[in-house]
Amino acid sequence: MSWLRRPLASLRSLVQPRRSSAPGSPLARRSSTSSISAFMPEATALAGVRDYPALRQFSLQQAERFWGALARERLCWISPFTTVSDCDLALGNIRWFEGGRLNVSVNCIDRHVHTCPDRVALIWERDEPGSQVRITYRQLLEMTCRVANTLKRQGVRKGDRVTIYMPASPIAVASMLACTRIGAVHTVVFAGFSAEALAGRIQDAQAETVITTNQAVRGGRIIELKKTVDQAVKMCSSVKHVLVAKRTENEVPMSNIDIPLEEEMMKEEAFCDPVAMESEDLLFLLYTSGSTGKPKGLVHTQAGYLLYATVTHRYVFDYHDGDVFGCVADIGWITGHSYVVYGPLCNGGTTVLFESTPVYPNPGRYWEMVERLKINQFYGAPTAIRLLLKYGDAWVKSHDRSSLKVLGTVGEPINSEAWDWYYRVVGESKCPVMDTWWQTETGGICIAPHPATREAEIVPAMAMRPFFGINPVLMDDQGRKLMGNNISGALCIAQPWPGMARTIYNDHDRFVNTYYKPYPNHFFTGDGAYRSEKGYYQITGRLDDVINISGHRLATAEIEGAVNLHRVVAESAAIGCAHEIKGEASYVFIVLKDGIDIAEHIITEELKHIVSQKIAKYAVPDYVQIVKRLPKTRSGKIMRRVLRKIVEQKLDELGDLTTLDDHTAVQEIVAGVQGDPKE
Ligand code: WTA
């Protein structure tokens with residue numbers, strides 16, 4: 001493959017058809033149902049296997065050959081890699097495809113411009129139904145290059161961090177890809193985060209450039225995005241310029257560091273030479289909650305991440321050329337990175353950018369969109385499914401969903417009722433439902449029902465089978481590997497894979513301590529899991545102090561940090577409790593400072609305000625209870641386990657209370673617990 005070794009200068013001509021995706025090629029014709037030999041041809045040829053389990057075995061036992069073949073075939077390299085992997089899980093050192101150089105934007109755009117320039121890359125499903133905008137690969141390249149040239153003109157160089165605070169839109173995707181084109185490191189911050197949360201992330205990344213929009217539009221309402229950025233930037237001395245794209249025609253105040261993005265872009269050339277990046281150069285940082293109050297900037301690098309997002313996108317969803325892929329996640333989360341942007345685009349796909357909400361203008365929005373855009377794969381969050389199921393079947397059935405082939409969920413456990421409704425009503429019992437388990441840390445889907453033969457069993461509400469190259473193990477409390485089936489334990493992954501995070505930005509020690517120290521030589525996910533009689537996996541929830549509200553991770557310590565800022569709060573403890581729609585809600589216990597008397601409903605409102613100011617709206621507590629004291633151990637540690645059981649009204653499961661300092665604390669709290677938290 002001589003094109004693999006071409007120098008950078010010939011990159012424009014390097015964007016050749018991929019053998020694997022040209023229409024009519026074996027891969028385009030393959031069916032995950034029929035013959036394994038047409039499936040992942042390069043790997044099956046190497047492995048000489050006849051079925052999925054055998055290919056899975058091969059991917060684990062001969063991981064270097066498996067991933068090496070896929071990387072050579074699926075990615076477009078400027079210079080070839082010399083080693084497939086070099087990983088030491090004990091030290092958290094993970095390196096893939098070293099020696100190789102590539103450019104992510106070339107992989108996601110240029111090579112498709114060469115083969116199918118007028119194929120639609122993005123369908124921007126704007127807030128107002130029916131006002132969608134289609135962007136072809138050719139247009140996406142031009143847009144990306146113009147943003148890249150604008151960034152360069154502002155002095156952004158390889159390795160510099162750029163914070164993107166924008167809703168899903170073509171210009172946001174072009175901004176991400178523009179960073180990759182010039183080797184800058186993007187860090188997308190969910191546009192629902194508050195000014196303070198945004199500022200914290202900008203400061204940690206030491207970003208000099210922020211890209212945003214004047215306003216955002218969601219659910220028929222205008223959101224003053226630029227105002228939030230203005231407040232954040234006041235707290236960030238690193239920021240030198242803010243590029244402002246126009247989502248609406250409304251004028252917003254501009255200061256001397258603000259640059260109108262579209263105006264500047266149009267002055268720039270429509271081509272920008274891509275920078276050759278080393279496989280292990282930083283691609284992006286994405287902040288996520290850990291078990292402390294400080295979010296961590298997980299680092300993903302170029303080749304391994306891109307390959308893993310691409311391959312999982314194609315095989316978990318059985319994505320074929322020409323399909324319209326509808327992942328409704330926001331680009332501010334890892335799901336948006338891997339399955340709105342990088343996976344679909346690297347596969348030359350057509351991907352939907354969803355700007356609205358599941359209930360705007362009515363609860364039929366998703367299915368009306370499916371009908372109008374002819375979406376083939378729909379990927380969403382259980383929380384939205386639970387919400388929509390409450391509105392009844394008519395909103396679904398009034399729309400033609402015959403284009404749908406595969407349904408997916410992600411981000412949190414899906415309960416059987418929601419799974420069943422999604423499968424039976426939305427998919428008319430014709431589309432397999434992928435309950436996909438993965439994390440910001442894993443880069444892409446690790447456990448999902450497919451790929452497998454179409455006849456293979458899918459147990460409702462189970463993530464089921466590990467993806468190729470993923471080796472899940474369950475551990476007991478003593479750090480021993482649990483063998484056999486019908487067993488639960490801490491979910492770890494025993495072997496490295498290309499998509500895994502490489503470090504926490506500027507804090508490798510925290511990375512090692514969080515993920516690699518708890519179970520030496522294993523990646524610890526922080527989740528618990530159950531392995532069924534038949535060896536299928538089901539995720540049972542977090543094992544640390546992270547809660548999952550509507551699929552969004554949040555540390556209880558972050559909520560407590562915000563709550564404790566209130567002038568009357570002496571101390572607090574936040575826990576997660578079951579919530580019918582959101583999956584989990586936060587329940588906060590507070591102890592007031594001496595001599596303070598305040599009504600619970602007043603303090604509740606004030607605390608909601610503080611949390612939304614310090615973190616985001618989705619983080620506000622649903623319940624606040626004033627207590628005289630918190631249950632603590634004699635050494636002063638809050639016993640959250642006890643609080644959880646009290647809220648769940650499982651008083652007979654309080655467990656060992658011998659370390660409890662003051663038993664009256666528990667009795668007082670039991671007496672004051674609010675309503676039925678499940679409602
Ligand atoms: C949870 C989202 C149950 C889990 C891609 C994980 C899930 C955290 C599932 C990661 C699932 C994700 N079933 N729980 N199918 N998928 N989770 O980093 O607790 O935002 O650790 O990544 O979400 O959240 P993150």
# chains A, B, ... in the order shown; residues from 1 in each chain; ligands from 1

call {"tool": "closest_atom_pairs", "arguments": {"of": "range 462-546 of chain A", "to": "range 291-313 of chain A", "cutoff": "7 Å", "atoms": "only C-alpha atoms", "output": "tab-separated table"}}
result
residue	atom	partner	partner_atom	distance
A:Pro498	CA	A:Gly304	CA	4.2
A:Gly499	CA	A:Tyr305	CA	4.2
A:Ala501	CA	A:His300	CA	5.1
A:Arg502	CA	A:Val299	CA	5.6
A:Thr503	CA	A:Val299	CA	5.4
A:Ile504	CA	A:Leu298	CA	4.6
A:Tyr505	CA	A:Gly297	CA	5.2
A:Asp544	CA	A:Ser291	CA	6.4
A:Asp545	CA	A:Ser291	CA	5.2
A:Val546	CA	A:Ser291	CA	5.6

call {"tool": "write_last_selection", "arguments": {"atoms": "N, CA and C atoms", "output": "PDB file, in the first residue's frame"}}
result
ATOM      1  N   PRO A 498      -7.610   0.413  21.747  1.00  0.00           N
ATOM      2  CA  PRO A 498      -7.108   1.688  21.226  1.00  0.00           C
ATOM      3  C   PRO A 498      -7.853   2.923  21.700  1.00  0.00           C
ATOM      4  N   GLY A 499      -9.156   2.770  22.055  1.00  0.00           N
ATOM      5  CA  GLY A 499      -9.958   3.952  22.378  1.00  0.00           C
ATOM      6  C   GLY A 499      -9.827   4.439  23.807  1.00  0.00           C
ATOM      7  N   ALA A 501      -8.824   6.218  27.320  1.00  0.00           N
ATOM      8  CA  ALA A 501      -8.218   7.510  27.643  1.00  0.00           C
ATOM      9  C   ALA A 501      -6.757   7.303  28.031  1.00  0.00           C
ATOM     10  N   ARG A 502      -5.932   8.297  27.731  1.00  0.00           N
ATOM     11  CA  ARG A 502      -4.497   8.159  27.980  1.00  0.00           C
ATOM     12  C   ARG A 502      -4.041   8.720  29.319  1.00  0.00           C
ATOM     13  N   THR A 503      -4.731   9.757  29.762  1.00  0.00           N
ATOM     14  CA  THR A 503      -4.366  10.344  31.061  1.00  0.00           C
ATOM     15  C   THR A 503      -5.441  11.351  31.456  1.00  0.00           C
ATOM     16  N   ILE A 504      -5.258  11.940  32.634  1.00  0.00           N
ATOM     17  CA  ILE A 504      -6.061  13.106  33.004  1.00  0.00           C
ATOM     18  C   ILE A 504      -5.148  14.294  32.793  1.00  0.00           C
ATOM     19  N   TYR A 505      -5.647  15.292  32.119  1.00  0.00           N
ATOM     20  CA  TYR A 505      -4.805  16.425  31.743  1.00  0.00           C
ATOM     21  C   TYR A 505      -4.103  17.015  32.974  1.00  0.00           C
ATOM     22  N   ASP A 544     -18.847   4.258  42.999  1.00  0.00           N
ATOM     23  CA  ASP A 544     -18.216   5.389  43.704  1.00  0.00           C
ATOM     24  C   ASP A 544     -19.272   6.468  43.977  1.00  0.00           C
ATOM     25  N   ASP A 545     -18.835   7.623  44.408  1.00  0.00           N
ATOM     26  CA  ASP A 545     -19.785   8.681  44.743  1.00  0.00           C
ATOM     27  C   ASP A 545     -20.127   9.527  43.529  1.00  0.00           C
ATOM     28  N   VAL A 546     -20.379   8.841  42.443  1.00  0.00           N
ATOM     29  CA  VAL A 546     -20.825   9.534  41.231  1.00  0.00           C
ATOM     30  C   VAL A 546     -22.278   9.149  41.022  1.00  0.00           C
TER      31      VAL A 546
END

call {"tool": "residues_around", "arguments": {"residues": "range 631-636 of chain A", "least_positions_apart": "4", "cutoff": "12 Å", "atoms": "only C-alpha atoms", "output": "CSV table (one decimal) with C-alpha atoms, in the first residue's frame"}}
result
chain,number,residue,atom,x,y,z
A,571,GLU,CA,-22.3,20.9,56.2
A,572,SER,CA,-24.1,18.7,53.7
A,573,ALA,CA,-24.3,15.2,52.2
A,589,PHE,CA,-29.1,16.6,53.5
A,590,ILE,CA,-28.0,19.8,55.2
A,591,VAL,CA,-27.0,20.8,58.7
A,627,VAL,CA,-31.2,17.5,59.7
A,640,ARG,CA,-23.7,7.9,52.7
A,641,ARG,CA,-24.6,4.3,52.5
A,642,VAL,CA,-26.9,4.7,55.5
A,643,LEU,CA,-28.5,7.8,54.0
A,644,ARG,CA,-29.2,6.0,50.8
A,646,ILE,CA,-33.0,5.6,54.6
A,654,LEU,CA,-28.9,-0.3,57.1
A,656,ASP,CA,-23.4,-2.7,60.1
A,657,LEU,CA,-23.9,0.4,62.3
A,658,THR,CA,-21.2,-0.4,64.8
A,659,THR,CA,-18.9,2.4,63.5
A,660,LEU,CA,-21.8,4.9,63.7
A,661,ASP,CA,-20.9,7.8,66.1
A,662,ASP,CA,-24.3,8.8,67.2
A,663,HIS,CA,-27.4,6.6,66.6
A,664,THR,CA,-29.9,9.3,67.2
A,665,ALA,CA,-28.8,11.0,64.0
A,666,VAL,CA,-30.3,8.1,62.0
A,667,GLN,CA,-33.6,8.1,63.9
A,668,GLU,CA,-34.0,11.9,63.4
A,669,ILE,CA,-33.3,11.5,59.6
A,670,VAL,CA,-35.8,8.6,59.2

call {"tool": "select_by_dssp", "arguments": {"residues": "range 207-407 of chain A", "states": "strand (DSSP E)", "output": "PyMOL selection string"}}
result
chain A and resi 209-213+216-218+221-223+241-245+258-260+277-278+282-288+296-301+324-327+350-354+377-380+406-407

call {"tool": "residues_around", "arguments": {"residues": "Ala184 in chain A", "least_positions_apart": "4", "cutoff": "8 Å", "atoms": "only C-alpha atoms", "output": "PDB file with N, CA and C atoms, in the first residue's frame"}}
result
ATOM      1  N   VAL A 156      -3.312  30.465  16.986  1.00  0.00           N
ATOM      2  CA  VAL A 156      -3.475  29.130  17.571  1.00  0.00           C
ATOM      3  C   VAL A 156      -2.539  28.159  16.850  1.00  0.00           C
ATOM      4  N   ARG A 157      -1.779  27.414  17.637  1.00  0.00           N
ATOM      5  CA  ARG A 157      -0.774  26.506  17.080  1.00  0.00           C
ATOM      6  C   ARG A 157      -1.012  25.091  17.581  1.00  0.00           C
ATOM      7  N   LYS A 158      -0.258  24.177  17.000  1.00  0.00           N
ATOM      8  CA  LYS A 158      -0.316  22.778  17.409  1.00  0.00           C
ATOM      9  C   LYS A 158      -0.168  22.651  18.933  1.00  0.00           C
ATOM     10  N   GLY A 159      -1.038  21.878  19.539  1.00  0.00           N
ATOM     11  CA  GLY A 159      -0.940  21.654  20.991  1.00  0.00           C
ATOM     12  C   GLY A 159      -1.723  22.656  21.828  1.00  0.00           C
ATOM     13  N   ASP A 160      -2.097  23.811  21.233  1.00  0.00           N
ATOM     14  CA  ASP A 160      -2.855  24.805  22.019  1.00  0.00           C
ATOM     15  C   ASP A 160      -4.264  24.283  22.300  1.00  0.00           C
ATOM     16  N   ARG A 161      -4.789  24.628  23.464  1.00  0.00           N
ATOM     17  CA  ARG A 161      -6.143  24.196  23.797  1.00  0.00           C
ATOM     18  C   ARG A 161      -7.183  25.250  23.383  1.00  0.00           C
ATOM     19  N   VAL A 162      -8.262  24.772  22.786  1.00  0.00           N
ATOM     20  CA  VAL A 162      -9.347  25.648  22.331  1.00  0.00           C
ATOM     21  C   VAL A 162     -10.631  25.148  22.989  1.00  0.00           C
ATOM     22  N   CYS A 179      -9.747  22.362  14.683  1.00  0.00           N
ATOM     23  CA  CYS A 179      -8.686  22.146  15.682  1.00  0.00           C
ATOM     24  C   CYS A 179      -7.832  20.953  15.258  1.00  0.00           C
ATOM     25  N   THR A 180      -8.498  19.882  14.869  1.00  0.00           N
ATOM     26  CA  THR A 180      -7.735  18.680  14.513  1.00  0.00           C
ATOM     27  C   THR A 180      -6.895  18.934  13.265  1.00  0.00           C
ATOM     28  N   LEU A 283      -5.621  14.746  21.081  1.00  0.00           N
ATOM     29  CA  LEU A 283      -6.703  15.093  20.155  1.00  0.00           C
ATOM     30  C   LEU A 283      -7.699  16.019  20.858  1.00  0.00           C
TER      31      LEU A 283
END

call {"tool": "residues_near_ligand", "arguments": {"ligand": "ligand 1", "cutoff": "9 Å", "atoms": "only C-alpha atoms and all ligand atoms", "output": "ChimeraX atom specification"}}
result
/A:288-289,333-335,382,409-414,434-445,447-448,461-463,525-529,538-543,546-548,551-553

call {"tool": "closest_residue", "arguments": {"among": "A:Leu282, A:Leu225, A:Ile487, A:Val647", "to": "Lys534 in chain A", "atoms": "only C-alpha atoms"}}
result
A:Ile487

call {"tool": "residues_around", "arguments": {"residues": "Val328 in chain A", "least_positions_apart": "5", "cutoff": "10 Å", "atoms": "only C-alpha atoms", "output": "list in words"}}
result
Glu125, Ala168, Thr335, Gly336, Tyr339, Val340, Thr351, Val352, Leu353, Phe354, Glu355, Ser356, Thr357, Pro358, Tyr366, Phe378, Tyr379, Gly380 and Ala381 of chain A

call {"tool": "closest_residue", "arguments": {"among": "A:Asn471, A:Thr115, A:Thr187, A:Asn362", "to": "Pro129 in chain A", "atoms": "only C-alpha atoms"}}
result
A:Asn362

call {"tool": "closest_atom_pairs", "arguments": {"of": "range 138-223 of chain A", "to": "range 231-247 of chain A", "cutoff": "8 Å", "atoms": "only C-alpha atoms", "output": "JSON lines"}}
result
{"residue": "A:Gln154", "atom": "CA", "partner": "A:His241", "partner_atom": "CA", "distance": 7.8}
{"residue": "A:Ile171", "atom": "CA", "partner": "A:Ala245", "partner_atom": "CA", "distance": 7.7}
{"residue": "A:Ala195", "atom": "CA", "partner": "A:Ala232", "partner_atom": "CA", "distance": 4.7}
{"residue": "A:Glu196", "atom": "CA", "partner": "A:Ala232", "partner_atom": "CA", "distance": 6.0}
{"residue": "A:Leu198", "atom": "CA", "partner": "A:Ala232", "partner_atom": "CA", "distance": 6.2}
{"residue": "A:Ala199", "atom": "CA", "partner": "A:Ala232", "partner_atom": "CA", "distance": 4.7}
{"residue": "A:Ile202", "atom": "CA", "partner": "A:Cys236", "partner_atom": "CA", "distance": 7.0}
{"residue": "A:Gln203", "atom": "CA", "partner": "A:Cys236", "partner_atom": "CA", "distance": 6.0}
{"residue": "A:Gln206", "atom": "CA", "partner": "A:Ser238", "partner_atom": "CA", "distance": 5.9}
{"residue": "A:Ala207", "atom": "CA", "partner": "A:Val239", "partner_atom": "CA", "distance": 6.1}
{"residue": "A:Glu208", "atom": "CA", "partner": "A:Val239", "partner_atom": "CA", "distance": 4.0}
{"residue": "A:Thr209", "atom": "CA", "partner": "A:His241", "partner_atom": "CA", "distance": 5.2}
{"residue": "A:Val210", "atom": "CA", "partner": "A:Val242", "partner_atom": "CA", "distance": 4.7}
{"residue": "A:Ile211", "atom": "CA", "partner": "A:Leu243", "partner_atom": "CA", "distance": 4.7}
{"residue": "A:Thr212", "atom": "CA", "partner": "A:Val244", "partner_atom": "CA", "distance": 5.1}
{"residue": "A:Thr213", "atom": "CA", "partner": "A:Ala245", "partner_atom": "CA", "distance": 4.4}
{"residue": "A:Asn214", "atom": "CA", "partner": "A:Lys246", "partner_atom": "CA", "distance": 5.4}
{"residue": "A:Gln215", "atom": "CA", "partner": "A:Arg247", "partner_atom": "CA", "distance": 5.9}
{"residue": "A:Ala216", "atom": "CA", "partner": "A:Arg247", "partner_atom": "CA", "distance": 6.3}
{"residue": "A:Val217", "atom": "CA", "partner": "A:Arg247", "partner_atom": "CA", "distance": 7.8}

call {"tool": "write_last_selection", "arguments": {"atoms": "N, CA, C and O atoms", "output": "CSV table (one decimal), in the first residue's frame"}}
result
chain,number,residue,atom,x,y,z
A,154,GLN,N,-5.3,33.8,14.5
A,154,GLN,CA,-5.3,34.3,15.9
A,154,GLN,C,-4.2,33.7,16.7
A,154,GLN,O,-4.1,33.9,17.9
A,171,ILE,N,-21.2,24.6,12.4
A,171,ILE,CA,-20.1,25.4,12.7
A,171,ILE,C,-19.3,24.9,14.0
A,171,ILE,O,-18.1,25.0,14.1
A,195,ALA,N,-21.5,29.5,34.0
A,195,ALA,CA,-20.3,30.3,33.7
A,195,ALA,C,-19.1,29.8,34.6
A,195,ALA,O,-18.0,29.7,34.1
A,196,GLU,N,-19.5,29.5,35.8
A,196,GLU,CA,-18.4,29.0,36.7
A,196,GLU,C,-17.8,27.7,36.3
A,196,GLU,O,-16.6,27.5,36.4
A,198,LEU,N,-17.9,26.5,33.3
A,198,LEU,CA,-17.1,26.7,32.1
A,198,LEU,C,-15.7,27.3,32.4
A,198,LEU,O,-14.7,26.8,31.9
A,199,ALA,N,-15.7,28.3,33.4
A,199,ALA,CA,-14.5,28.9,33.7
A,199,ALA,C,-13.5,27.9,34.3
A,199,ALA,O,-12.3,27.9,34.0
A,202,ILE,N,-12.0,26.0,31.5
A,202,ILE,CA,-11.1,26.8,30.7
A,202,ILE,C,-9.7,27.0,31.5
A,202,ILE,O,-8.7,26.8,30.9
A,203,GLN,N,-9.9,27.2,32.8
A,203,GLN,CA,-8.7,27.4,33.6
A,203,GLN,C,-7.8,26.2,33.6
A,203,GLN,O,-6.6,26.2,33.4
A,206,GLN,N,-6.1,25.7,30.5
A,206,GLN,CA,-5.3,26.9,30.1
A,206,GLN,C,-5.6,27.3,28.7
A,206,GLN,O,-4.6,27.5,27.9
A,207,ALA,N,-6.8,27.3,28.3
A,207,ALA,CA,-7.2,27.7,26.9
A,207,ALA,C,-7.1,29.2,26.7
A,207,ALA,O,-7.4,30.0,27.5
A,208,GLU,N,-6.5,29.5,25.5
A,208,GLU,CA,-6.4,30.9,25.2
A,208,GLU,C,-7.5,31.3,24.2
A,208,GLU,O,-7.7,32.5,24.0
A,209,THR,N,-8.2,30.3,23.6
A,209,THR,CA,-9.2,30.6,22.7
A,209,THR,C,-10.5,29.9,23.1
A,209,THR,O,-10.5,28.8,23.5
A,210,VAL,N,-11.6,30.7,22.9
A,210,VAL,CA,-12.9,30.1,23.2
A,210,VAL,C,-13.7,30.3,21.9
A,210,VAL,O,-13.6,31.4,21.3
A,211,ILE,N,-14.5,29.3,21.5
A,211,ILE,CA,-15.4,29.5,20.4
A,211,ILE,C,-16.8,29.3,20.9
A,211,ILE,O,-17.1,28.3,21.6
A,212,THR,N,-17.7,30.2,20.6
A,212,THR,CA,-19.1,30.2,21.1
A,212,THR,C,-20.0,30.7,20.0
A,212,THR,O,-19.6,31.0,18.9
A,213,THR,N,-21.3,30.8,20.4
A,213,THR,CA,-22.3,31.4,19.5
A,213,THR,C,-22.9,32.6,20.2
A,213,THR,O,-22.9,32.6,21.5
A,214,ASN,N,-23.5,33.6,19.5
A,214,ASN,CA,-24.1,34.7,20.1
A,214,ASN,C,-25.2,34.3,21.1
A,214,ASN,O,-25.3,34.7,22.2
A,215,GLN,N,-26.0,33.4,20.6
A,215,GLN,CA,-27.1,32.9,21.4
A,215,GLN,C,-27.3,31.4,21.0
A,215,GLN,O,-26.8,30.9,20.0
A,216,ALA,N,-28.1,30.7,21.8
A,216,ALA,CA,-28.5,29.4,21.4
A,216,ALA,C,-30.1,29.4,21.3
A,216,ALA,O,-30.7,30.3,21.9
A,217,VAL,N,-30.6,28.4,20.6
A,217,VAL,CA,-32.1,28.3,20.5
A,217,VAL,C,-32.4,26.8,20.9
A,217,VAL,O,-31.9,25.9,20.3

call {"tool": "select_by_dssp", "arguments": {"residues": "range 117-262 of chain A", "states": "helix (DSSP H, G or I)", "output": "VMD selection string"}}
result
chain A and resid 137 to 153 170 to 182 195 to 205 225 to 234 261 to 262

call {"tool": "atom_distance", "arguments": {"atom1": "CA of Tyr537 in chain A", "atom2": "CA of Pro466 in chain A"}}
result
8.1 Å

call {"tool": "closest_residue", "arguments": {"among": "A:Val185, A:Val324, A:Ala418, A:Leu554", "to": "Leu387 in chain A", "atoms": "only C-alpha atoms"}}
result
A:Ala418

call {"tool": "closest_residue", "arguments": {"among": "A:Glu584, A:Glu653, A:Asp400, A:Glu428", "to": "Asp622 in chain A", "atoms": "only C-alpha atoms"}}
result
A:Glu584

call {"tool": "residues_around", "arguments": {"residues": "range 47-49 of chain A", "least_positions_apart": "4", "cutoff": "8 Å", "atoms": "only C-alpha atoms", "output": "list in words"}}
result
Ile36, Ser37, Ala43, Ala54, Leu55 and Phe58 of chain A

call {"tool": "write_last_selection", "arguments": {"atoms": "N, CA and C atoms", "output": "PDB file, in the first residue's frame"}}
result
ATOM      1  N   ILE A  36     -19.832 -14.339   7.916  1.00  0.00           N
ATOM      2  CA  ILE A  36     -18.805 -13.654   8.687  1.00  0.00           C
ATOM      3  C   ILE A  36     -17.641 -13.224   7.803  1.00  0.00           C
ATOM      4  N   SER A  37     -17.423 -13.920   6.680  1.00  0.00           N
ATOM      5  CA  SER A  37     -16.243 -13.586   5.875  1.00  0.00           C
ATOM      6  C   SER A  37     -16.392 -12.223   5.212  1.00  0.00           C
ATOM      7  N   ALA A  43      -9.894  -8.414   9.124  1.00  0.00           N
ATOM      8  CA  ALA A  43      -9.667  -9.167  10.358  1.00  0.00           C
ATOM      9  C   ALA A  43     -10.073 -10.623  10.197  1.00  0.00           C
ATOM     10  N   ALA A  54     -15.542 -16.597  17.489  1.00  0.00           N
ATOM     11  CA  ALA A  54     -14.161 -16.910  17.126  1.00  0.00           C
ATOM     12  C   ALA A  54     -13.392 -15.637  16.789  1.00  0.00           C
ATOM     13  N   LEU A  55     -14.073 -14.697  16.137  1.00  0.00           N
ATOM     14  CA  LEU A  55     -13.393 -13.428  15.810  1.00  0.00           C
ATOM     15  C   LEU A  55     -13.108 -12.651  17.097  1.00  0.00           C
ATOM     16  N   PHE A  58     -10.107 -14.151  18.680  1.00  0.00           N
ATOM     17  CA  PHE A  58      -8.919 -13.722  17.937  1.00  0.00           C
ATOM     18  C   PHE A  58      -8.536 -12.285  18.330  1.00  0.00           C
TER      19      PHE A  58
END

call {"tool": "atom_distance", "arguments": {"atom1": "CA of Leu482 in chain A", "atom2": "CA of Tyr530 in chain A"}}
result
10.8 Å

call {"tool": "atom_distance", "arguments": {"atom1": "CA of Val370 in chain A", "atom2": "CA of Phe190 in chain A"}}
result
24.5 Å

call {"tool": "closest_residue", "arguments": {"among": "A:Ile596, A:Val252, A:Val588, A:Ile94", "to": "Ser279 in chain A", "atoms": "only C-alpha atoms"}}
result
A:Ile94
